[in-house]
$ cat final-v1.csv   # CSV, C-alpha atoms
chain,number,residue,atom,x,y,z
A,1,LEU,CA,27.2,-47.9,92.1
A,2,ARG,CA,26.0,-44.6,93.7
A,3,VAL,CA,27.0,-41.8,91.4
A,4,LEU,CA,26.6,-38.1,92.3
A,5,ILE,CA,26.0,-35.6,89.5
A,6,ALA,CA,26.3,-31.8,89.9
A,7,GLU,CA,25.0,-29.9,86.9
A,8,ASP,CA,23.2,-26.5,87.0
A,9,ASP,CA,21.7,-26.9,83.5
A,10,VAL,CA,18.4,-28.7,83.9
A,11,VAL,CA,18.4,-30.4,80.5
A,12,SER,CA,21.9,-31.7,80.6
A,13,ARG,CA,21.3,-32.8,84.2
A,14,ARG,CA,18.2,-34.8,83.2
A,15,ILE,CA,20.0,-36.5,80.3
A,16,LEU,CA,23.0,-37.5,82.4
A,17,GLU,CA,20.7,-38.8,85.2
A,18,THR,CA,18.7,-40.8,82.6
A,19,ILE,CA,21.7,-42.5,81.0
A,20,LEU,CA,23.4,-43.3,84.3
A,21,ARG,CA,20.3,-44.9,85.6
A,22,LYS,CA,19.9,-46.9,82.4
A,23,TRP,CA,23.5,-48.2,82.9
A,24,GLY,CA,22.4,-49.4,86.3
A,25,HIS,CA,23.7,-46.8,88.7
A,26,GLU,CA,21.9,-45.2,91.6
A,27,VAL,CA,22.0,-41.4,90.9
A,28,VAL,CA,22.2,-38.6,93.5
A,29,THR,CA,21.3,-35.4,91.7
A,30,THR,CA,22.6,-32.0,92.9
A,31,LEU,CA,21.9,-28.7,91.2
A,32,ASP,CA,25.0,-26.8,92.1
A,33,GLY,CA,28.5,-27.0,93.6
A,34,GLU,CA,27.4,-26.1,97.2
A,35,GLU,CA,24.7,-28.9,97.2
A,36,ALA,CA,27.3,-31.3,95.7
A,37,TRP,CA,29.8,-30.4,98.4
A,38,GLN,CA,27.2,-31.0,101.2
A,39,ALA,CA,26.3,-34.4,99.7
A,40,MET,CA,30.0,-35.4,99.4
A,41,ARG,CA,30.6,-34.7,103.1
A,42,GLU,CA,27.9,-37.1,104.2
A,43,PRO,CA,29.2,-40.4,105.8
A,44,ASP,CA,27.4,-42.4,103.0
A,45,ALA,CA,28.6,-40.1,100.2
A,46,PRO,CA,28.6,-41.5,96.7
A,47,ALA,CA,31.8,-43.2,95.6
A,48,LEU,CA,31.8,-41.6,92.2
A,49,ALA,CA,31.0,-38.0,91.3
A,50,ILE,CA,30.5,-36.3,87.9
A,51,LEU,CA,30.9,-32.6,88.3
A,52,ASP,CA,30.2,-29.8,85.9
A,53,VAL,CA,33.0,-27.3,86.1
A,54,MET,CA,31.1,-24.0,85.5
A,55,MET,CA,28.5,-23.7,88.2
A,56,PRO,CA,27.5,-20.6,90.2
A,57,GLU,CA,29.0,-19.9,93.6
A,58,VAL,CA,31.0,-23.0,94.2
A,59,ASP,CA,32.3,-24.4,90.9
A,60,GLY,CA,33.4,-28.0,90.1
A,61,LEU,CA,37.1,-27.3,90.7
A,62,GLU,CA,36.4,-26.0,94.2
A,63,VAL,CA,34.2,-29.0,95.1
A,64,CYS,CA,37.1,-31.2,94.0
A,65,ARG,CA,39.6,-29.4,96.2
A,66,ARG,CA,37.3,-29.5,99.2
A,67,VAL,CA,36.5,-33.2,98.7
A,68,ARG,CA,40.2,-34.0,98.5
A,69,GLU,CA,40.8,-32.4,101.8
A,70,LEU,CA,38.4,-34.8,103.5
A,71,SER,CA,40.1,-37.8,105.1
A,72,GLY,CA,38.4,-41.1,104.2
A,73,ALA,CA,39.4,-44.6,103.7
A,74,THR,CA,38.0,-44.6,100.1
A,75,PRO,CA,38.3,-41.2,98.4
A,76,PRO,CA,35.6,-40.8,95.7
A,77,TYR,CA,36.5,-41.0,92.0
A,78,ILE,CA,35.8,-37.6,90.4
A,79,ILE,CA,35.1,-36.9,86.7
A,80,LEU,CA,34.9,-33.3,85.6
A,81,LEU,CA,32.5,-32.5,82.8
A,82,THR,CA,33.0,-29.2,81.1
A,83,ALA,CA,32.8,-27.1,78.0
A,84,LYS,CA,36.4,-25.8,78.6
A,85,HIS,CA,38.9,-27.0,76.1
A,86,GLY,CA,42.7,-27.0,76.2
A,87,ALA,CA,45.6,-28.4,78.1
A,88,ARG,CA,45.5,-25.7,80.8
A,89,ALA,CA,41.8,-26.5,81.7
A,90,ILE,CA,42.7,-30.2,82.0
A,91,VAL,CA,45.8,-29.5,84.1
A,92,ASP,CA,43.7,-27.2,86.4
A,93,GLY,CA,41.1,-29.9,86.8
A,94,MET,CA,43.6,-32.6,87.6
A,95,GLU,CA,45.5,-30.3,90.0
A,96,ALA,CA,42.2,-29.6,91.8
A,97,GLY,CA,42.0,-33.4,92.5
A,98,ALA,CA,39.9,-34.7,89.6
A,99,ASP,CA,40.6,-38.3,88.4
A,100,ASP,CA,39.3,-37.7,84.9
A,101,TYR,CA,38.1,-35.0,82.6
A,102,LEU,CA,35.5,-35.1,79.8
A,103,ILE,CA,34.7,-32.3,77.4
A,104,LYS,CA,31.2,-31.3,76.5
A,105,PRO,CA,29.4,-32.2,74.3
A,106,TYR,CA,30.6,-35.6,75.3
A,107,ASP,CA,30.3,-38.9,73.4
A,108,ARG,CA,28.0,-41.2,75.4
A,109,ASP,CA,30.1,-44.3,74.8
A,110,GLU,CA,33.2,-42.4,76.0
A,111,LEU,CA,31.4,-41.4,79.1
A,112,ARG,CA,30.3,-45.0,79.8
A,113,ALA,CA,33.9,-46.2,79.3
A,114,ARG,CA,35.3,-43.5,81.7
A,115,VAL,CA,32.6,-44.2,84.3
A,116,GLN,CA,33.5,-47.9,84.0
A,117,VAL,CA,37.1,-47.0,84.8
A,118,GLY,CA,35.9,-45.1,87.8
A,119,VAL,CA,33.8,-48.1,89.0
A,120,ARG,CA,36.8,-50.4,88.7
A,121,ILE,CA,39.0,-48.0,90.7
A,122,VAL,CA,36.3,-47.6,93.4
A,123,GLU,CA,35.9,-51.4,93.7
A,124,LEU,CA,39.6,-51.9,93.9
A,125,GLN,CA,39.9,-49.2,96.6
A,126,THR,CA,37.0,-50.7,98.5
A,127,ARG,CA,38.7,-54.2,98.4
A,128,LEU,CA,42.1,-52.7,99.5
A,129,ALA,CA,40.5,-50.8,102.3
A,130,GLY,CA,38.9,-54.0,103.5
A,131,ARG,CA,42.3,-55.7,103.4
A,132,VAL,CA,43.9,-52.9,105.3
A,133,ARG,CA,41.2,-53.2,108.0
A,134,GLU,CA,41.8,-56.9,108.3
A,135,LEU,CA,45.6,-56.4,108.6
A,136,GLU,CA,45.1,-53.7,111.2
A,137,GLY,CA,43.0,-56.1,113.2
A,138,ALA,CA,45.7,-58.8,112.9
A,139,LEU,CA,48.4,-56.3,113.8
A,140,GLU,CA,46.5,-55.5,117.1
A,141,HIS,CA,47.0,-59.1,118.1
A,142,VAL,CA,50.6,-59.1,117.1
A,143,LYS,CA,51.3,-55.9,119.1
A,144,GLN,CA,49.9,-57.5,122.2
A,145,LEU,CA,52.5,-60.2,122.0
A,146,GLN,CA,55.3,-57.7,121.4
A,147,GLY,CA,57.2,-55.5,123.9
A,148,ILE,CA,58.6,-56.4,127.3
A,149,LEU,CA,56.6,-59.0,129.2
A,150,PRO,CA,57.5,-59.6,132.9
A,151,ILE,CA,58.1,-63.3,133.5
A,152,CYS,CA,58.8,-65.1,136.7
A,153,SER,CA,62.4,-66.5,136.6
A,154,TYR,CA,61.4,-69.6,138.5
A,155,CYS,CA,57.9,-70.7,137.6
A,156,LYS,CA,57.8,-68.9,134.2
A,157,LYS,CA,54.4,-67.3,134.8
A,158,ILE,CA,53.8,-64.0,133.0
A,159,ARG,CA,52.4,-60.9,134.6
A,160,GLY,CA,49.3,-60.0,132.5
A,161,ASP,CA,47.6,-56.7,131.8
A,162,SER,CA,45.9,-56.5,135.2
A,163,ASP,CA,48.8,-57.5,137.4
A,164,TYR,CA,47.7,-61.1,137.4
A,165,TRP,CA,50.3,-63.9,137.0
A,166,GLN,CA,49.3,-66.4,134.3
A,167,THR,CA,50.9,-69.5,133.0
A,168,VAL,CA,52.7,-68.9,129.6
A,169,GLU,CA,50.2,-71.0,127.7
A,170,SER,CA,47.2,-69.3,129.3
A,171,TYR,CA,48.7,-65.8,128.5
A,172,ILE,CA,49.4,-66.7,124.9
A,173,ALA,CA,46.0,-68.2,124.4
A,174,ASP,CA,44.4,-65.1,125.8
A,175,HIS,CA,46.4,-62.8,123.5
A,176,SER,CA,46.4,-64.7,120.2
A,177,GLU,CA,44.5,-67.2,118.2
A,178,ALA,CA,47.0,-70.0,119.3
A,179,GLU,CA,45.8,-73.2,121.0
A,180,PHE,CA,48.0,-75.6,122.9
A,181,SER,CA,48.4,-79.4,122.9
A,182,HIS,CA,50.6,-80.7,125.7
A,183,GLY,CA,53.5,-83.1,125.2
A,184,ILE,CA,57.0,-83.8,126.6
A,185,CYS,CA,60.2,-82.8,124.8
A,186,PRO,CA,63.1,-85.4,124.7
A,187,ASN,CA,65.3,-83.3,126.9
A,188,CYS,CA,62.6,-83.0,129.7
A,189,TYR,CA,61.9,-86.7,129.3
A,190,GLU,CA,65.5,-87.6,129.9
A,191,THR,CA,66.2,-85.2,132.7
A,192,THR,CA,62.9,-85.2,134.6
A,193,VAL,CA,60.3,-87.7,133.5
A,194,GLN,CA,62.5,-90.7,133.2
A,195,ASP,CA,63.5,-90.4,136.9
A,196,GLN,CA,59.9,-89.8,138.0
A,197,LEU,CA,58.8,-92.9,136.1
A,198,ALA,CA,61.5,-94.9,137.7
A,199,SER,CA,60.5,-93.7,141.2
A,200,PHE,CA,56.9,-94.4,140.4
A,201,ARG,CA,57.7,-98.0,139.2
A,202,ALA,CA,59.8,-98.5,142.3
A,203,SER,CA,56.9,-97.4,144.5
A,204,LEU,CA,54.7,-100.0,142.9
A,205,GLU,CA,57.0,-103.0,143.5
A,206,PRO,CA,56.0,-105.1,146.5
A,207,VAL,CA,58.1,-104.7,149.6
A,208,VAL,CA,59.9,-107.9,150.3
B,1,MET,CA,18.8,-61.9,48.4
B,2,SER,CA,18.1,-59.0,46.0
B,3,ALA,CA,20.1,-55.8,46.3
B,4,GLU,CA,16.9,-54.0,47.5
B,5,LEU,CA,16.3,-56.5,50.2
B,6,LEU,CA,19.9,-56.4,51.3
B,7,ARG,CA,19.7,-52.7,51.7
B,8,MET,CA,16.5,-53.0,53.8
B,9,ASP,CA,18.1,-55.7,55.9
B,10,ASN,CA,21.2,-53.4,56.6
B,11,TYR,CA,18.9,-50.5,57.4
B,12,LEU,CA,16.9,-52.5,60.0
B,13,ALA,CA,20.1,-53.7,61.6
B,14,GLN,CA,21.1,-50.1,62.4
B,15,SER,CA,20.4,-48.3,65.7
B,16,PRO,CA,18.0,-45.3,65.8
B,17,THR,CA,21.0,-43.0,65.9
B,18,GLN,CA,22.7,-44.6,62.9
B,19,ARG,CA,19.4,-44.4,61.0
B,20,ALA,CA,18.9,-40.8,61.8
B,21,ARG,CA,22.5,-40.1,60.8
B,22,ALA,CA,21.9,-41.9,57.5
B,23,ASN,CA,18.6,-40.0,56.9
B,24,SER,CA,19.9,-36.6,57.9
B,25,GLY,CA,21.2,-35.3,54.6
B,26,GLY,CA,19.5,-32.0,55.2
B,27,ALA,CA,20.2,-31.9,59.0
B,28,ALA,CA,22.1,-28.7,58.8
B,29,THR,CA,18.9,-26.9,57.9
B,30,GLN,CA,16.8,-28.5,60.6
B,31,VAL,CA,16.3,-26.7,63.8
B,32,ILE,CA,16.5,-29.8,66.0
B,33,ASP,CA,19.3,-32.2,65.2
B,34,PRO,CA,17.6,-35.5,64.3
B,35,VAL,CA,20.7,-37.5,65.2
B,36,MET,CA,20.6,-36.0,68.7
B,37,LEU,CA,16.9,-36.7,69.0
B,38,ALA,CA,17.5,-40.4,68.0
B,39,SER,CA,20.4,-40.6,70.4
B,40,LEU,CA,18.1,-39.3,73.2
B,41,ASP,CA,15.5,-41.9,72.2
B,42,GLU,CA,18.1,-44.5,72.6
B,43,ALA,CA,18.8,-43.3,76.2
B,44,TRP,CA,15.1,-43.6,76.9
B,45,ALA,CA,14.2,-46.5,79.2
B,46,GLU,CA,11.3,-48.7,78.3
B,47,GLY,CA,8.2,-48.1,80.5
B,48,GLU,CA,9.3,-44.5,81.2
B,49,PRO,CA,7.5,-41.4,79.8
B,50,ASP,CA,9.0,-40.1,76.5
B,51,LEU,CA,12.4,-38.6,77.5
B,52,VAL,CA,12.4,-36.1,74.6
B,53,VAL,CA,9.0,-34.7,75.6
B,54,GLU,CA,10.2,-34.3,79.1
B,55,LEU,CA,13.4,-32.6,78.0
B,56,ILE,CA,11.4,-30.2,75.7
B,57,ASP,CA,9.2,-29.3,78.6
B,58,LEU,CA,12.2,-28.7,80.9
B,59,TYR,CA,13.9,-26.6,78.2
B,60,LEU,CA,10.8,-24.5,77.4
B,61,GLY,CA,10.2,-24.0,81.1
B,62,ASP,CA,13.8,-23.0,81.8
B,63,ALA,CA,15.3,-21.3,78.7
B,64,PRO,CA,13.0,-18.2,78.5
B,65,GLN,CA,14.4,-17.0,81.9
B,66,TRP,CA,17.9,-17.1,80.5
B,67,VAL,CA,16.9,-15.3,77.4
B,68,ASP,CA,15.2,-12.6,79.5
B,69,ALA,CA,18.3,-12.4,81.7
B,70,MET,CA,20.5,-11.9,78.6
B,71,ARG,CA,18.1,-9.2,77.3
B,72,THR,CA,18.4,-7.3,80.6
B,73,ALA,CA,22.1,-7.9,80.8
B,74,ALA,CA,22.7,-6.8,77.2
B,75,ALA,CA,20.7,-3.6,77.8
B,76,GLY,CA,22.5,-2.9,81.0
B,77,ASN,CA,26.0,-3.8,79.8
B,78,ASP,CA,26.3,-6.5,82.4
B,79,ALA,CA,28.9,-8.7,80.9
B,80,ARG,CA,29.1,-11.1,83.9
B,81,VAL,CA,25.4,-12.0,83.9
B,82,LEU,CA,25.4,-12.1,80.1
B,83,LYS,CA,28.2,-14.6,80.0
B,84,ARG,CA,26.7,-16.8,82.7
B,85,ALA,CA,23.2,-16.9,81.1
B,86,ALA,CA,24.7,-17.5,77.6
B,87,HIS,CA,26.9,-20.3,79.0
B,88,THR,CA,23.9,-22.1,80.6
B,89,LEU,CA,21.6,-21.8,77.6
B,90,LYS,CA,24.4,-22.9,75.4
B,91,GLY,CA,24.7,-26.1,77.4
B,92,SER,CA,21.0,-27.0,77.5
B,93,SER,CA,20.5,-26.1,73.8
B,94,GLY,CA,23.5,-28.2,72.8
B,95,SER,CA,22.2,-31.1,74.9
B,96,LEU,CA,18.9,-31.0,73.1
B,97,GLY,CA,20.4,-30.7,69.6
B,98,ILE,CA,19.4,-27.1,69.0
B,99,ALA,CA,22.7,-26.1,67.3
B,100,GLN,CA,21.7,-22.6,66.1
B,101,VAL,CA,20.7,-21.4,69.5
B,102,ALA,CA,23.8,-23.0,71.1
B,103,GLU,CA,26.0,-21.3,68.5
B,104,ALA,CA,24.3,-17.9,69.1
B,105,CYS,CA,24.9,-18.4,72.8
B,106,ARG,CA,28.5,-19.3,72.3
B,107,MET,CA,29.0,-16.1,70.3
B,108,LEU,CA,27.4,-14.0,73.1
B,109,GLU,CA,29.5,-15.8,75.7
B,110,LEU,CA,32.7,-15.1,73.8
B,111,ASN,CA,31.8,-11.4,73.0
B,112,CYS,CA,30.0,-10.4,76.2
B,113,SER,CA,32.5,-7.6,76.8
B,114,GLU,CA,32.3,-6.2,73.3
B,115,SER,CA,30.6,-2.9,72.5
B,116,ALA,CA,26.9,-2.4,73.3
B,117,ALA,CA,26.0,-2.4,69.6
B,118,ARG,CA,27.8,-5.7,68.9
B,119,VAL,CA,26.3,-7.3,72.0
B,120,ASP,CA,22.8,-6.1,70.9
B,121,GLU,CA,23.3,-7.5,67.4
B,122,LEU,CA,24.4,-10.9,68.8
B,123,PHE,CA,21.4,-10.9,71.2
B,124,GLN,CA,19.0,-10.1,68.4
B,125,GLN,CA,20.4,-13.1,66.5
B,126,LEU,CA,19.9,-15.3,69.5
B,127,ASP,CA,16.4,-14.0,70.1
B,128,ARG,CA,15.4,-14.9,66.5
B,129,GLU,CA,17.0,-18.4,66.7
B,130,PHE,CA,15.3,-19.0,70.1
B,131,ALA,CA,11.9,-18.1,68.6
B,132,THR,CA,12.4,-20.5,65.7
B,133,ALA,CA,13.6,-23.2,68.1
B,134,ARG,CA,10.7,-22.7,70.4
B,135,ALA,CA,8.2,-23.3,67.6
B,136,ALA,CA,10.1,-26.3,66.3
B,137,LEU,CA,10.2,-27.8,69.8
B,138,ALA,CA,6.5,-27.2,70.3
B,139,ALA,CA,5.8,-29.0,67.0
B,140,GLU,CA,8.1,-31.9,67.9
B,141,ARG,CA,6.3,-32.2,71.2
B,142,MET,CA,2.9,-32.2,69.6
B,143,ARG,CA,4.1,-34.9,67.1
B,144,ARG,CA,5.2,-37.1,69.9
B,145,VAL,CA,2.3,-36.8,72.2
B,146,ALA,CA,-0.3,-37.1,69.4
$ encode --input "final-v1.csv" --output "structure tokens"
Amino acid sequence: LRVLIAEDDVVSRRILETILRKWGHEVVTTLDGEEAWQAMREPDAPALAILDVMMPEVDGLEVCRRVRELSGATPPYIILLTAKHGARAIVDGMEAGADDYLIKPYDRDELRARVQVGVRIVELQTRLAGRVRELEGALEHVKQLQGILPICSYCKKIRGDSDYWQTVESYIADHSEAEFSHGICPNCYETTVQDQLASFRASLEPVV
Amino acid sequence: MSAELLRMDNYLAQSPTQRARANSGGAATQVIDPVMLASLDEAWAEGEPDLVVELIDLYLGDAPQWVDAMRTAAAGNDARVLKRAAHTLKGSSGSLGIAQVAEACRMLELNCSESAARVDELFQQLDREFATARAALAAERMRRVA
């Protein structure tokens, strides 16, 4: 997974980068909040971000708030990393839009477990977003077959999108995935076809 | 298996961090935490340059500017800059296992708005710890590249 890290302390940043790479992630390194914010605004922004809270100018909480204001199909998973202790600091982080919170100095196994949770959530979101796109595509077709369709009272042709009269089967075939096989229903057989067949047979009999 | 062999077998089965923890009876007196160093060695990826050496170089290249910033801020009673510099150096020192420097920074960060005399006293403490750490880091670096 592509993971963004924002950490102004050079040593902590290098350690975080090294262990995330070792766990198989692609790491996007940023040195402060402003740089992190710019990277998270890109169309191909990382799906998971680990942000230090205390950074100069734009801090981790502010980056969180700004990222949450962006509208995207798959919002990134954000873990805040900070030396701040206490319930108030955690509440502030969560209210700013963080998904998780880890206190420095962090235990590496705990970080790995929390990153794994993030990866699972991101993968789930990506699958759900894919499904939503599929459903929206299907809904487009359904919509085209809904609403008021002008149909001829006599020949039953439908007036299409460009004022062109089409047979019912041609219209439906154009606006859906349906295909038609032709047959004769019992009622039509009795009221129409039977008589036509009788006339046809009669026409074949030799004239005496 | 004899008791001695069994002990050796258990020892070899341990990770570098576990071994360092077991061997660090006198860790409190050591400038660089051996458990932290072993843990960093575990994070090192095979084929890459020694991570600890790289981190020492980064630290020694970066930390002096924060100490200088704190010296200037302490002399000029600039609590904001003092707090910021102390916070950053606390982070990098803690990450590298230099607990005494990290603690001295924590004290400065906490007491950045105290009297000039108190701030100066805390800064002098930090300055001494940093000088000791600097020498220990240089020695550790030398040992690793030798």
$ interface_residues --input "final-v1.csv" --of "chain A" --to "chain B" --cutoff "8 Å" --atoms "only C-alpha atoms" --output "list in words"
Asp8, Asp9, Val10, Val11, Ser12, Arg14, Ile15, Thr18, Ile19, Lys22 and Pro105 of chain A
$ residues_around --input "final-v1.csv" --residues "region 165-168 of chain A" --least-positions-apart "6" --cutoff "9 Å" --atoms "all atoms listed in the file" --output "tab-separated table (two decimals) with C-alpha atoms, in the frame of the given file"
chain	number	residue	atom	x	y	z
A	151	ILE	CA	58.10	-63.30	133.50
A	152	CYS	CA	58.80	-65.10	136.70
A	155	CYS	CA	57.90	-70.70	137.60
A	156	LYS	CA	57.80	-68.90	134.20
A	157	LYS	CA	54.40	-67.30	134.80
A	158	ILE	CA	53.80	-64.00	133.00
A	159	ARG	CA	52.40	-60.90	134.60
$ atom_distance --input "final-v1.csv" --atom1 "CA of Ser181 (chain A)" --atom2 "CA of Gly137 (chain A)"
25.8 Å
$ atom_distance --input "final-v1.csv" --atom1 "CA of Gly183 (chain A)" --atom2 "CA of Gln146 (chain A)"
25.7 Å
$ atom_distance --input "final-v1.csv" --atom1 "CA of Ile5 (chain A)" --atom2 "CA of Ala98 (chain A)"
13.9 Å
$ residues_around --input "final-v1.csv" --residues "Tyr77 (chain A)" --least-positions-apart "3" --cutoff "12 Å" --atoms "only C-alpha atoms" --output "JSON, numbers by chain"
{"A": [1, 2, 3, 4, 40, 45, 46, 47, 48, 49, 50, 51, 64, 67, 68, 74, 80, 94, 97, 98, 99, 100, 101, 114, 115, 116, 117, 118, 119, 120, 121, 122, 123, 124, 125, 126]}
$ residues_near_point --input "final-v1.csv" --point "(18.5, -8.2, 80.3)" --cutoff "12 Å" --atoms "all atoms listed in the file" --output "ChimeraX atom specification"
/B:64-83,85-86,119-120,123,127
$ residues_around --input "final-v1.csv" --residues "Arg66 (chain A)" --least-positions-apart "3" --cutoff "12 Å" --atoms "all atoms listed in the file" --output "ChimeraX atom specification"
/A:33-34,36-38,40-41,58-63,69-71,75-76,96-98
